[in-house]
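This is coords.csv. It holds CSV, C-alpha atoms.
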```csv
chain,number,residue,atom,x,y,z
O,175,MET,CA,5.1,-26.5,-10.7
O,176,VAL,CA,2.2,-26.8,-8.3
O,177,ALA,CA,-1.2,-27.4,-9.9
O,178,GLU,CA,-3.7,-24.6,-9.6
O,179,SER,CA,-6.0,-26.7,-7.5
O,180,GLU,CA,-3.2,-27.2,-5.0
O,181,LEU,CA,-2.6,-23.5,-4.4
O,182,ASN,CA,-4.0,-22.3,-1.1
O,183,THR,CA,-6.3,-19.2,-1.0
O,184,GLY,CA,-3.5,-17.0,0.4
O,185,VAL,CA,-1.3,-17.7,-2.6
O,186,LEU,CA,-4.2,-17.1,-4.9
O,187,LEU,CA,-4.7,-13.7,-3.3
O,188,PHE,CA,-1.0,-12.9,-3.3
O,189,LEU,CA,-0.3,-13.6,-7.0
O,190,PRO,CA,-2.6,-10.9,-8.4
O,191,TYR,CA,-1.4,-8.5,-5.7
O,192,ARG,CA,2.2,-9.1,-6.6
O,193,ALA,CA,1.4,-8.6,-10.3
O,194,LEU,CA,-0.3,-5.3,-9.5
O,195,GLU,CA,2.5,-4.2,-7.3
O,196,ASN,CA,5.1,-5.0,-10.0
O,197,ARG,CA,3.2,-2.9,-12.5
O,198,ILE,CA,3.0,0.0,-10.1
O,199,PHE,CA,6.7,-0.1,-9.4
O,200,ALA,CA,7.6,-0.3,-13.1
O,201,VAL,CA,5.4,2.8,-13.9
O,202,LEU,CA,6.7,4.7,-10.9
O,203,ALA,CA,10.3,4.0,-12.0
O,204,GLU,CA,9.5,5.2,-15.5
O,205,SER,CA,8.0,8.3,-13.9
O,206,GLY,CA,11.1,9.3,-11.9
O,207,HIS,CA,10.1,7.5,-8.7
O,208,ALA,CA,12.6,4.6,-8.9
O,209,ASP,CA,13.9,5.4,-5.5
O,210,VAL,CA,11.0,3.9,-3.6
O,211,THR,CA,11.4,0.3,-2.4
O,212,PRO,CA,8.6,-2.1,-1.6
O,213,ALA,CA,9.4,-1.9,2.1
O,214,GLN,CA,9.2,1.9,2.0
O,215,ALA,CA,6.0,1.8,0.0
O,216,ARG,CA,4.3,-0.5,2.6
O,217,VAL,CA,5.0,2.2,5.2
O,218,LEU,CA,4.2,5.1,2.9
O,219,GLN,CA,0.8,3.5,2.1
O,220,ARG,CA,-0.2,3.7,5.7
O,221,VAL,CA,0.5,7.4,6.2
O,222,GLY,CA,-2.9,9.0,6.8
O,223,PRO,CA,-4.1,12.3,5.2
O,224,ASP,CA,-3.4,14.2,8.4
O,225,GLY,CA,-0.2,12.4,9.2
O,226,THR,CA,0.5,9.3,11.3
O,227,ARG,CA,2.7,8.6,14.3
O,228,LEU,CA,5.7,6.3,13.7
O,229,THR,CA,4.4,3.8,16.2
O,230,GLU,CA,1.1,3.4,14.3
O,231,LEU,CA,3.0,3.0,11.0
O,232,ALA,CA,5.1,0.3,12.5
O,233,GLU,CA,2.1,-1.5,14.0
O,234,GLN,CA,0.1,-1.4,10.7
O,235,ALA,CA,3.1,-2.4,8.6
O,236,GLN,CA,3.8,-5.2,11.1
O,237,ILE,CA,7.4,-4.1,11.5
O,238,THR,CA,9.5,-2.9,14.5
O,239,LYS,CA,9.5,0.7,15.5
O,240,GLN,CA,13.2,0.8,14.7
O,241,THR,CA,12.6,-0.6,11.2
O,242,ALA,CA,9.8,1.9,10.6
O,243,GLY,CA,12.0,4.7,11.8
O,244,PHE,CA,14.8,3.6,9.4
O,245,LEU,CA,12.3,3.5,6.5
O,246,VAL,CA,10.8,6.9,7.3
O,247,ASP,CA,14.3,8.4,7.6
O,248,GLN,CA,15.0,7.1,4.0
O,249,LEU,CA,11.6,8.4,2.8
O,250,GLU,CA,12.3,11.8,4.4
O,251,LYS,CA,15.7,12.1,2.8
O,252,ALA,CA,14.2,11.2,-0.6
O,253,GLY,CA,11.5,13.9,-0.1
O,254,TYR,CA,8.5,11.7,0.2
O,255,VAL,CA,7.6,12.5,3.8
O,256,ARG,CA,8.2,15.1,6.4
O,257,ARG,CA,7.9,15.0,10.2
O,258,GLU,CA,5.7,17.6,11.9
O,259,PRO,CA,4.7,18.2,15.5
O,260,ASP,CA,1.5,16.4,16.5
O,261,PRO,CA,-1.1,19.1,17.3
O,262,SER,CA,-2.7,16.7,19.9
O,263,ASP,CA,0.6,16.1,21.7
O,264,LYS,CA,3.5,18.5,21.2
O,265,ARG,CA,6.0,15.8,22.4
O,266,ALA,CA,5.0,13.5,19.5
O,267,ARG,CA,5.7,13.9,15.8
O,268,LEU,CA,3.6,12.9,12.8
O,269,VAL,CA,4.9,11.5,9.6
O,270,CYS,CA,3.1,13.4,6.8
O,271,LEU,CA,3.1,12.9,3.0
O,272,ALA,CA,5.1,15.4,1.0
O,273,GLU,CA,4.2,16.6,-2.5
O,274,LYS,CA,6.5,14.0,-4.0
O,275,ALA,CA,4.6,11.2,-2.3
O,276,LEU,CA,1.3,12.7,-3.5
O,277,ALA,CA,2.6,12.8,-7.1
O,278,ALA,CA,3.7,9.2,-6.8
O,279,LYS,CA,0.3,8.2,-5.3
O,280,GLU,CA,-1.5,9.8,-8.2
O,281,ILE,CA,0.6,7.8,-10.7
O,282,ALA,CA,0.0,4.6,-8.6
O,283,ASP,CA,-3.7,5.2,-8.4
O,284,GLY,CA,-3.8,5.4,-12.2
O,285,VAL,CA,-2.0,2.1,-12.6
O,286,VAL,CA,-4.4,0.5,-10.1
O,287,ALA,CA,-7.4,1.7,-12.1
O,288,GLU,CA,-5.8,0.4,-15.3
O,289,VAL,CA,-5.1,-3.0,-13.8
O,290,GLU,CA,-8.6,-3.3,-12.2
O,291,LYS,CA,-10.1,-2.5,-15.6
O,292,GLU,CA,-8.1,-5.3,-17.2
O,293,TRP,CA,-9.2,-7.7,-14.4
O,294,GLU,CA,-12.8,-6.7,-15.0
O,295,GLU,CA,-12.4,-7.3,-18.7
O,296,HIS,CA,-11.0,-10.7,-18.0
O,297,LEU,CA,-13.5,-11.7,-15.3
O,298,GLY,CA,-16.5,-9.8,-16.4
O,299,LYS,CA,-18.4,-7.1,-14.5
O,300,ARG,CA,-20.4,-9.5,-12.4
O,301,ARG,CA,-17.5,-11.7,-11.2
O,302,MET,CA,-15.3,-8.6,-10.5
O,303,LYS,CA,-18.1,-7.1,-8.4
O,304,GLN,CA,-18.4,-10.4,-6.5
O,305,LEU,CA,-14.7,-10.6,-6.0
O,306,ARG,CA,-14.6,-7.1,-4.5
O,307,GLU,CA,-17.6,-7.8,-2.3
O,308,ALA,CA,-16.1,-11.0,-1.0
O,309,LEU,CA,-12.7,-9.4,-0.3
O,310,THR,CA,-14.5,-6.4,1.3
O,311,ALA,CA,-16.4,-8.9,3.6
O,312,LEU,CA,-13.2,-10.7,4.5
O,313,ARG,CA,-11.8,-7.4,5.8
O,314,GLU,CA,-14.2,-7.7,8.7
O,315,ILE,CA,-12.2,-10.7,10.1
O,316,THR,CA,-8.8,-10.0,8.6
O,317,ASP,CA,-8.1,-6.2,8.8
O,318,PRO,CA,-7.8,-4.8,12.4
O,319,TRP,CA,-7.8,-1.3,11.0
O,320,ALA,CA,-11.0,-1.6,8.9
```

Could you express the structure from this file as structure tokens?
Amino acid sequence: MVAESELNTGVLLFLPYRALENRIFAVLAESGHADVTPAQARVLQRVGPDGTRLTELAEQAQITKQTAGFLVDQLEKAGYVRREPDPSDKRARLVCLAEKALAAKEIADGVVAEVEKEWEEHLGKRRMKQLREALTALREITDPWA
């Protein structure tokens, strides 16, 4: 096993994220949403409140348009999304969240709040605030959609 001091920052960021993601998927499965895969969720998370074009979903998820289309097809069949005409361009279609996705999001948001509370209890309020501030500042150079 690698010593903690040898782990790079990316791994140190990834480990708590993966723990959070695992908790979310476990609770979603218990709540009747066991049919969402991590790959589907990564696309689903990027659907905006007014819908998002498939090409934008692919770009943000850093996958091919074909892969995004395949995942959206699966999500549509499972009832998590629907495709609607884009009001700004009738030739284009938007991927929109369906009620099933909104219900799953509400569950996931509850898990996130629970986990963040546990992290704050572990780190303390000051360090948790500093962590959030540091990660928010990093978005300026790491998140092209910020």

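Nearest-residue note for Leu245 of chain O: choosing from O:Leu276, O:Ala266, O:Val210, O:Arg306, the minimum distance belongs to O:Val210, counting all atoms listed in the file.
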
Exercise: residues within 8 Å of coordinate (4.7, 8.0, 14.5), counting only C-alpha atoms, as a PyMOL selection string: chain O and resi 226-232+266-269

Neighbour list for segment 198-207 of chain O as a ChimeraX atom specification, cut-off 9 Å, only C-alpha atoms, skip fewer than 5 positions in-chain: /O:193,212,274,278,281-286

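When only C-alpha atoms are used to compute distances to Lys239 of chain O, the closest of the residues O:Ala208, O:Val217, O:Leu297, O:Val289 turns out to be O:Val217.
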
Spatial sel., origin (12.6, 6.2, 4.8), limit 12 Å, only C-alpha atoms, listed as a PyMOL selection string: chain O and resi 209-218+228+231+240-257+269+271+275

For atom CA of Leu189 of chain O and atom CA of Glu290 of chain O, the interatomic separation in Å (one decimal): 14.2 Å

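Here atom CA of Arg313 of chain O is placed at a distance of 13.8 Å from atom CA of Gly184 of chain O.
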
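Put simply, atom CA of Cys270 of chain O is 20.7 Å away from atom CA of Ala320 of chain O.
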
Of the listed residues O:Glu294, O:Ala235, O:Ala272, O:Arg197, that which approaches Pro223 of chain O most closely, counting all atoms listed in the file: O:Ala272

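The nearest approach to Glu258 of chain O among the residues O:Pro318, O:Lys291, O:Leu305, O:Asp224, with all atoms listed in the file taken into account, belongs to O:Asp224.
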